[in-house]
Amino acid sequence: MKRYFLVDCNNFYVSCERVFNPKLHNKPVVVLGSNDACVIARSNEAKALDIAMGAPAFECKELFKKHNVIVYSANFALYGDMSNRVMQTLTHYATDIEIYSVDEAFLCAPHYAGPENQEQYFYYSYATMLRSHTHQYTGIPVSIGIGPTKTLAKVANKLAKKYKKLNGVFDITDHPALDTILASIAIEDVWGIGSRYAKKLRNHHITNAQEFKYTDEKWVRKNMTIVGLKTLYELRGISCFPLEESPQPKQSICVSRTFGKKINNILSAKEALASYVSCAAEKLRKQQTLTAHITIFALTNRYDDPHNYFRSAHCQLPIATDYTPQLITAANRCLEQIFKRTYQYKKVGVILSDLVPHDFRQMNITTPPLHNIIKQNKQMETIDRINTKWGRNTLFFAASGIEQPWKMHQAHKSACFTTNWHELLTITI
DNA sequence: TCTGGGGTCCTAGGACCC
DNA sequence: TCTGGGGTCCTAGGACCC
């Protein structure tokens, strides 16, 4: 039977920090998200202290102090690079692989042609090998779940993480106690069932994965769309979510950040927005696409005014483009439409959509002359090349401002050990 | 009082994931 | 005082067409 492997890095961001600072082992460690606002990763020791995922940092202050919890600001350059190393290692061993997120990959093992009674053992050994090699080559510990569908591999992974005696690998394929295992998985912990559906299902007296597995298909189709029905089939061992090996170009690109402090003047907001637009345009060019539609949004504090904290504006561009100055101009125009001086803003963002491959550039009567476009392309290529070689924002647009008072706070950030020559780890003997 | 039927496209909103 | 960021997919309903 075909098996899906789900390789999941343990407490990924914390594990990345531990690779470069071994003193962090066996201690409670947390990583905070942007502006050091809330907890986005926890070591097992921190989980044992009941520090919740997404908990606001200010609510945990006492707890951190009391238990000497070590706190880091998110270092996404480091985590991104460590993720690449893990995925490269896995790609080396797997025949088919889908990189699902920064810390997870689905993959399939090489075809097994030996005696049937040793098949299970073959896959188990393969997973154990993957696990130890990933740890050896990257320093990152992983857990591996194996199952006949992705959803069941997810369940298996959960168990591999939960029970230490499994040594980080669990195969749920043809398991004699499958239904008992599923009965121990709360409905909201099933992959594809979020809080809304979980609530709906609980109201319908379905509380765990096993009960959901045997729920009436028609009811599920009606109340949870085709996607919910696929999840149900997957729990029954019928694969509905195939491995997606070649990553598709993104259909939209969004960049937004919460400010380090609130802003009520449009000049600062425009600077921040210009900086996010530059970042989004860079992503656009990286995947070789153009955008024809730009949306910008601005948020005030949603806890102060839950019904009226979000405003957005959008505009269609005359022709698809990836030219940063043109996008900044369009973004500014949109911002002017919605910005109110009397408000305290805490965040702005940009979404680029209607993305098309850049060699499909559609010309029309307003298209600037070809030599202009060639010149613009050269400018952008040069900027991207310099920033790739010498680090992000070596060259930036003056529209992003110099002082950047809106920039986020990160008080406890580790060094970019693997992506910045000036921050390499030094070892003194 | 009667006021078609079937199709496509677009958008907003709601659900989910990490 | 402080409560993240970046994506995808599906569906219902309205606009529009013949």
# chains A, B, ... in the order shown; residues from 1 in each chain; ligands from 1
>>> residues_around(residues="stretch 29-36 of chain A", least_positions_apart="5", cutoff="6 Å", atoms="only C-alpha atoms (C1' of nucleotides)", output="list of chain:residue names")
A:Ala41, A:Arg42, A:Ser43, A:Ala46, A:Val69, A:Ile70, A:Val71, A:Tyr72, A:Ser73, A:Ala74, A:Met408, A:His409, A:Gln410, C:DG4
>>> select_by_dssp(residues="stretch 129-309 of chain A", states="helix (DSSP H, G or I)", output="PyMOL selection string")
chain A and resi 129-138+150-162+164-166+178-183+187-189+195-203+209-213+217-235+266-286
>>> residues_around(residues="C:DC10", least_positions_apart="3", cutoff="12 Å", atoms="only C-alpha atoms (C1' of nucleotides)", output="list of chain:residue names")
A:Arg221, A:Met224, A:Thr225, A:Ile226, A:Val227, A:Gly228, B:DG13, B:DG14, B:DA15, B:DC16
>>> interface_residues(of="chain C", to="chain A", cutoff="7 Å", atoms="only C-alpha atoms (C1' of nucleotides)", output="list of chain:residue names")
C:DC2, C:DT3, C:DG4, C:DG6
>>> residues_around(residues="C:DC17", least_positions_apart="6", cutoff="12 Å", atoms="only C-alpha atoms (C1' of nucleotides)", output="ChimeraX atom specification")
/B:6-9
>>> atom_distance(atom1="atom CA of A:Asn264", atom2="atom CA of A:Asp305")
16.2 Å
>>> residues_around(residues="A:Thr418", least_positions_apart="6", cutoff="9 Å", atoms="only C-alpha atoms (C1' of nucleotides)", output="MDAnalysis selection string")
chainID A and resid 77:78 81:82 424:425
>>> write_last_selection(atoms="all heavy atoms", output="mmCIF file, in the first residue's frame")
data_model
loop_
_atom_site.group_PDB
_atom_site.id
_atom_site.type_symbol
_atom_site.label_atom_id
_atom_site.label_comp_id
_atom_site.auth_asym_id
_atom_site.auth_seq_id
_atom_site.Cartn_x
_atom_site.Cartn_y
_atom_site.Cartn_z
ATOM 1 N N ALA A 77 15.347 35.158 9.015
ATOM 2 C CA ALA A 77 16.429 34.875 8.069
ATOM 3 C C ALA A 77 17.103 33.561 8.458
ATOM 4 O O ALA A 77 17.362 32.698 7.614
ATOM 5 C CB ALA A 77 17.429 36.024 8.062
ATOM 6 N N LEU A 78 17.347 33.400 9.748
ATOM 7 C CA LEU A 78 17.970 32.165 10.237
ATOM 8 C C LEU A 78 17.053 30.959 10.015
ATOM 9 O O LEU A 78 17.483 29.928 9.485
ATOM 10 C CB LEU A 78 18.292 32.313 11.732
ATOM 11 C CG LEU A 78 18.877 31.075 12.417
ATOM 12 C CD1 LEU A 78 20.280 30.782 11.907
ATOM 13 C CD2 LEU A 78 18.913 31.244 13.938
ATOM 14 N N ASP A 81 16.782 29.860 6.365
ATOM 15 C CA ASP A 81 17.978 29.168 5.880
ATOM 16 C C ASP A 81 18.076 27.752 6.455
ATOM 17 O O ASP A 81 18.407 26.807 5.751
ATOM 18 C CB ASP A 81 19.224 29.977 6.257
ATOM 19 C CG ASP A 81 20.459 29.412 5.586
ATOM 20 O OD1 ASP A 81 20.491 29.414 4.339
ATOM 21 O OD2 ASP A 81 21.358 28.914 6.293
ATOM 22 N N MET A 82 17.728 27.596 7.739
ATOM 23 C CA MET A 82 17.761 26.260 8.353
ATOM 24 C C MET A 82 16.713 25.362 7.698
ATOM 25 O O MET A 82 16.934 24.173 7.497
ATOM 26 C CB MET A 82 17.520 26.351 9.863
ATOM 27 C CG MET A 82 18.632 27.047 10.626
ATOM 28 S SD MET A 82 20.253 26.328 10.343
ATOM 29 C CE MET A 82 20.106 24.781 11.230
ATOM 30 N N LEU A 424 28.816 35.528 11.567
ATOM 31 C CA LEU A 424 29.187 34.117 11.702
ATOM 32 C C LEU A 424 29.535 33.807 13.150
ATOM 33 O O LEU A 424 30.060 34.664 13.868
ATOM 34 C CB LEU A 424 30.420 33.814 10.843
ATOM 35 C CG LEU A 424 30.249 33.727 9.337
ATOM 36 C CD1 LEU A 424 31.562 33.304 8.697
ATOM 37 C CD2 LEU A 424 29.161 32.726 8.991
ATOM 38 N N LEU A 425 29.236 32.578 13.529
ATOM 39 C CA LEU A 425 29.562 32.149 14.887
ATOM 40 C C LEU A 425 31.079 32.070 15.029
ATOM 41 O O LEU A 425 31.765 31.508 14.167
ATOM 42 C CB LEU A 425 28.948 30.763 15.111
ATOM 43 C CG LEU A 425 28.817 30.260 16.535
ATOM 44 C CD1 LEU A 425 27.876 31.158 17.319
ATOM 45 C CD2 LEU A 425 28.288 28.841 16.521
#
>>> select_by_dssp(residues="stretch 160-378 of chain A", states="strand (DSSP E)", output="ChimeraX atom specification")
/A:169-171,253-263,289-299,310-321,345-353,356-357
>>> residues_around(residues="A:Thr291", least_positions_apart="5", cutoff="12 Å", atoms="only C-alpha atoms (C1' of nucleotides)", output="ChimeraX atom specification")
/A:250-254,277,280-285,315-324,326-327,330,351-358,360-362
>>> write_last_selection(atoms="C-alpha atoms", output="mmCIF file, in the first residue's frame")
data_model
loop_
_atom_site.group_PDB
_atom_site.id
_atom_site.type_symbol
_atom_site.label_atom_id
_atom_site.label_comp_id
_atom_site.auth_asym_id
_atom_site.auth_seq_id
_atom_site.Cartn_x
_atom_site.Cartn_y
_atom_site.Cartn_z
ATOM 1 C CA LYS A 250 1.764 32.299 -5.802
ATOM 2 C CA GLN A 251 -1.532 33.835 -6.916
ATOM 3 C CA SER A 252 -1.218 36.753 -4.542
ATOM 4 C CA ILE A 253 1.578 38.341 -2.557
ATOM 5 C CA CYS A 254 0.904 40.085 0.734
ATOM 6 C CA VAL A 277 5.564 47.456 -1.453
ATOM 7 C CA ALA A 280 6.308 42.590 -2.235
ATOM 8 C CA ALA A 281 7.656 43.718 -5.638
ATOM 9 C CA GLU A 282 10.883 41.868 -4.938
ATOM 10 C CA LYS A 283 8.913 38.670 -4.277
ATOM 11 C CA LEU A 284 6.929 39.323 -7.455
ATOM 12 C CA ARG A 285 10.109 39.532 -9.553
ATOM 13 C CA CYS A 315 -6.856 49.813 -7.910
ATOM 14 C CA GLN A 316 -6.444 48.088 -11.238
ATOM 15 C CA LEU A 317 -3.168 48.964 -12.984
ATOM 16 C CA PRO A 318 -3.357 49.953 -16.669
ATOM 17 C CA ILE A 319 -0.831 47.236 -17.522
ATOM 18 C CA ALA A 320 0.698 44.478 -15.431
ATOM 19 C CA THR A 321 4.034 45.506 -13.953
ATOM 20 C CA ASP A 322 6.794 44.588 -11.495
ATOM 21 C CA TYR A 323 8.325 48.071 -11.418
ATOM 22 C CA THR A 324 8.601 49.167 -7.789
ATOM 23 C CA GLN A 326 4.998 52.487 -10.228
ATOM 24 C CA LEU A 327 3.622 50.243 -7.480
ATOM 25 C CA ALA A 330 -0.342 53.397 -6.931
ATOM 26 C CA ILE A 351 -1.636 42.751 -1.474
ATOM 27 C CA LEU A 352 -0.609 42.222 -5.092
ATOM 28 C CA SER A 353 -3.016 40.037 -7.081
ATOM 29 C CA ASP A 354 -3.973 39.227 -10.698
ATOM 30 C CA LEU A 355 -0.447 37.863 -11.115
ATOM 31 C CA VAL A 356 0.677 36.840 -14.615
ATOM 32 C CA PRO A 357 3.957 35.336 -15.848
ATOM 33 C CA HIS A 358 6.272 38.188 -16.851
ATOM 34 C CA PHE A 360 3.021 37.269 -20.958
ATOM 35 C CA ARG A 361 3.189 41.064 -20.639
ATOM 36 C CA GLN A 362 0.094 42.404 -22.363
#
>>> atom_distance(atom1="atom CA of A:Lys2", atom2="atom CA of A:Val102")
24.9 Å
>>> atom_distance(atom1="atom CA of A:Leu178", atom2="atom CA of A:Lys199")
24.2 Å
>>> closest_residue(among="A:Leu267, A:Leu232, A:Ala331, A:Ile185", to="A:Ile296", atoms="only C-alpha atoms")
A:Ala331
>>> closest_residue(among="A:Arg131, A:His293, A:Lys200, A:Arg311", to="A:Tyr345", atoms="only C-alpha atoms")
A:Arg311
>>> residues_around(residues="B:DC18", least_positions_apart="4", cutoff="9 Å", atoms="only C-alpha atoms (C1' of nucleotides)", output="VMD selection string")
chain A and resid 100 to 104
>>> write_last_selection(atoms="C-alpha atoms", output="tab-separated table (two decimals), in the first residue's frame")
chain	number	residue	atom	x	y	z
A	100	TYR	CA	4.44	21.92	2.81
A	101	SER	CA	5.61	24.67	5.14
A	102	VAL	CA	8.76	26.08	6.67
A	103	ASP	CA	9.02	23.10	9.03
A	104	GLU	CA	7.09	20.28	7.34
>>> closest_residue(among="A:Lys262, A:Asn393, A:Asn167, A:Pro247", to="C:DT1", atoms="only C-alpha atoms (C1' of nucleotides)")
A:Lys262
